[in-house]
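Reading through the structure tokens given below for one structure.
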Amino acid sequence: MKAIQFTGLGIAGLADLDEPQLAPGHALVRVMASGLCHTDIDVLHGRYGNGAFPLVPGHEYAGIVEMIADDVTDVRPGDRVAIDPNIPCGTCRSCRKGLTNLCDRLEAYGVSRNGGFAQYSTVNTAHLHGIGHLPFHIAALAEPLACVLNGLGNAHAVRAKNALVFGAGPIGLLMALSLQAEGVEDVSIADINEDRLSFAQSLGLKPMVSGSAALGKQAKAFDFVADATGIARVVEEMIAYTADGGTALVFGVSAPDARIQIAPFEIFRRQISLVGSHSLNRNIPDALAILQRDNGTMARLVSHHLPLDDILPYLAKGAATPQTMKVQFSAE
């Protein structure tokens with residue numbers, strides 16, 4: 001089968017691999033759509049996980065069950081499914097607390113085990129979720145959306161009267177749209193890229209230019225503020241926009257050695273909640289429910305439907321433009 005394969009740090013190419021063999025409890029999934037995430041680039045360069053090479057990347061994917069192992073009874077060939085990539089141990093302290101995304105020995109399809117940038121993928125059936133008639137390219141958004149929902153849940157964001165998200169890339173837009181979907185009517189999004197802000201406005205969001213005087217006047221104005229840029233300076237500054245008694249969410253992935261300075265007195269005096277969030281936590285069904293009732297707005301975040309060969313340039317960031325949103329491998 002054809003697949004993208006990471007063979008070493010910074011080394012990615014197209015490969016012809018043997019079709020994966022079925023193990024007990026597993027299904028063979030024909031991948032129909034698989035999204036590119038910045039995590040894939042971090043895995044390639046050894047900035048995320050343990051660098052388990054060779055590896056087929058891709059952890060945002062959906063497809064059709066082709067075959068099942070003899071002992072499988074919960075899915076059958078022909079089922080249309082989305083994949084939950086996280087593989088927790090189930091026994092460590094975090095897992096016992098229900099925080100499987102913080103598992104001490106967390107693995108994931110596309111990160112430590114072969115994932116979705118291939119024609120076929122073998123997946124434990126416990127990680128398969130039916131998508132009904134949802135188009136595959138939309139179902140492949142379930143994983144990043146589940147990450148967003150995990151963050152919003154940790155921050156109790158749906159209680160907010162208004163919200164501000166920094167970063168109008170795919171994940172920031174997905175977060176802003178999720179806030180709307182969960183009932184937060186007044187949602188603003190900030191970025192320095194005017195093309196992205198224009199696109200955000202077309203999605204029904206309020207655009208704001210980062211660093212502008214207009215945004216500066218919004219100090220202490222938002223019940224909920226989130227960073228989806230991964231830029232430490234933005235994380236540091238978002239406290240200034242958080243209302244008294246509000247919540248600030250660190251969602252973007254900053255460099256591990258990045259540091260910020262925040263006045264503890266301000267957190268104390270203004271009763272600010274500073275919250276973090278990592279990955280998804282068994283909430284693919286929640287994400288699929290939102291995608292099922294979405295009016296097509298979230299689907300607009302998929303800007304590119306490409307064959308495997310054309311995904312490679314985006315791993316090197318050489319093909320991305322300001323108009324690039326979610327890039328997906330598509331078998332359709």
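So you can find residues: chains in the structure tokens are A, B, ... in the order shown, residues in each start at 1, and ligands are numbered from 1 in order.
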
* To do: Going by DSSP on the backbone, which bits of stretch 103-228 of chain A are alpha helix (DSSP H)? Write them as an MDAnalysis selection string, please.
  => chainID A and resid 136:139 142:154 170:181 194:202 213:216

* Asked: Could you write out, as a count of residues only, all the residues of stretch 20-136 of chain A that DSSP marks as strand (DSSP E or B)?
  -> 39

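Surrounding stretch 136-150 of chain A within 6 Å are A:Ala33, A:Glu60, A:Tyr61, A:Ala62, A:Gly153, A:Met175, A:Ser279, A:Leu280, A:Asn283, A:Ile284, A:Ala287, A:Leu288, A:Ala299, with only C-alpha atoms counted and residues fewer than 3 positions along the same chain left out.
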
Write out as a Markdown table the residues of stretch 129-197 of chain A that have any atom within 12 Å of an atom of stretch 233-239 of chain A, one row each with the nearest atom pair and its distance in Å to one decimal, counting only C-alpha atoms, sorted by chain and then rising number.
```
| residue | atom | partner | partner_atom | distance |
| --- | --- | --- | --- | --- |
| A:Ala163 | CA | A:Met238 | CA | 11.5 |
| A:Leu164 | CA | A:Met238 | CA | 9.1 |
| A:Val165 | CA | A:Met238 | CA | 9.3 |
| A:Phe166 | CA | A:Val234 | CA | 7.6 |
| A:Gly167 | CA | A:Val234 | CA | 9.4 |
| A:Ala190 | CA | A:Val234 | CA | 10.6 |
| A:Asp191 | CA | A:Val234 | CA | 10.5 |
| A:Ile192 | CA | A:Val234 | CA | 11.8 |
```

Can I get the selected residues back with C-alpha atoms, as a PDB file, in the first residue's frame?
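Done, and the output landed in result-v3.pdb:
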```pdb
ATOM      1  CA  ALA A 163     -15.045  34.977  24.512  1.00  0.00           C
ATOM      2  CA  LEU A 164     -11.811  35.882  22.730  1.00  0.00           C
ATOM      3  CA  VAL A 165      -9.591  33.376  20.930  1.00  0.00           C
ATOM      4  CA  PHE A 166      -6.070  34.338  19.869  1.00  0.00           C
ATOM      5  CA  GLY A 167      -5.049  32.664  16.600  1.00  0.00           C
ATOM      6  CA  ALA A 190      -7.651  37.880  17.072  1.00  0.00           C
ATOM      7  CA  ASP A 191      -4.788  37.484  14.627  1.00  0.00           C
ATOM      8  CA  ILE A 192      -2.261  39.595  12.735  1.00  0.00           C
TER       9      ILE A 192
END
```

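Every protein, DNA or RNA residue with an atom at most 7 Å from stretch 304-314 of chain A, where only C-alpha atoms count and chain neighbours fewer than 2 positions away do not, is listed here: Ile4, Leu14, Val302, Ala316, Lys317, Gly318, Ala319, Ala320, Lys326, Val327, Gln328, Phe329, Ser330 and Ala331 of chain A.
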
* **Gap from atom CA of A:Pro322 to atom CA of A:Ala258 - Å, one decimal** => 25.0 Å

* For A:Leu128, list every protein, DNA or RNA residue within 8 Å, evaluated using only C-alpha atoms, and leave out those in the same chain fewer than 5 positions away; present the list as a PyMOL selection string. => chain A and resi 81-84+123

Kindly save the residues from that selection, with C-alpha atoms included, as a PDB file, in the first residue's frame.
```
ATOM      1  CA  VAL A  81     -15.857   5.277  11.228  1.00  0.00           C
ATOM      2  CA  ALA A  82     -13.707   7.979  12.794  1.00  0.00           C
ATOM      3  CA  ILE A  83     -10.662   7.076  14.875  1.00  0.00           C
ATOM      4  CA  ASP A  84      -9.788   8.072  18.437  1.00  0.00           C
ATOM      5  CA  VAL A 123      -7.011   0.028  14.594  1.00  0.00           C
TER       6      VAL A 123
END
```

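For A:Tyr241, the residues within 7 Å (counting only C-alpha atoms, excluding itself and residues fewer than 3 positions away along the chain) are Gln218, Ala219, Lys220, Ala221, Phe222 and Met238 of chain A.
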
Taking N, CA and C atoms for each residue, export the selection above as a PDB file, in the first residue's frame.
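Contents of part-v8.pdb, freshly written:
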```pdb
ATOM      1  N   GLN A 218     -10.118  46.562  24.777  1.00  0.00           N
ATOM      2  CA  GLN A 218     -10.923  45.461  25.308  1.00  0.00           C
ATOM      3  C   GLN A 218     -10.323  44.842  26.563  1.00  0.00           C
ATOM      4  N   ALA A 219      -9.462  45.550  27.258  1.00  0.00           N
ATOM      5  CA  ALA A 219      -8.851  45.025  28.480  1.00  0.00           C
ATOM      6  C   ALA A 219      -9.927  44.617  29.485  1.00  0.00           C
ATOM      7  N   LYS A 220      -9.723  43.461  30.066  1.00  0.00           N
ATOM      8  CA  LYS A 220     -10.633  42.900  31.081  1.00  0.00           C
ATOM      9  C   LYS A 220     -12.064  42.747  30.561  1.00  0.00           C
ATOM     10  N   ALA A 221     -12.210  42.519  29.262  1.00  0.00           N
ATOM     11  CA  ALA A 221     -13.548  42.542  28.660  1.00  0.00           C
ATOM     12  C   ALA A 221     -14.169  41.168  28.455  1.00  0.00           C
ATOM     13  N   PHE A 222     -13.374  40.080  28.533  1.00  0.00           N
ATOM     14  CA  PHE A 222     -13.878  38.774  28.103  1.00  0.00           C
ATOM     15  C   PHE A 222     -13.915  37.768  29.254  1.00  0.00           C
ATOM     16  N   MET A 238      -2.639  37.445  27.387  1.00  0.00           N
ATOM     17  CA  MET A 238      -4.091  37.220  27.353  1.00  0.00           C
ATOM     18  C   MET A 238      -4.753  37.463  28.704  1.00  0.00           C
TER      19      MET A 238
END
```

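If only C-alpha atoms are the atoms counted, then among A:Ser277, A:Ser94, A:Thr242, A:Ser178 the closest residue to A:Leu291 is A:Ser178.
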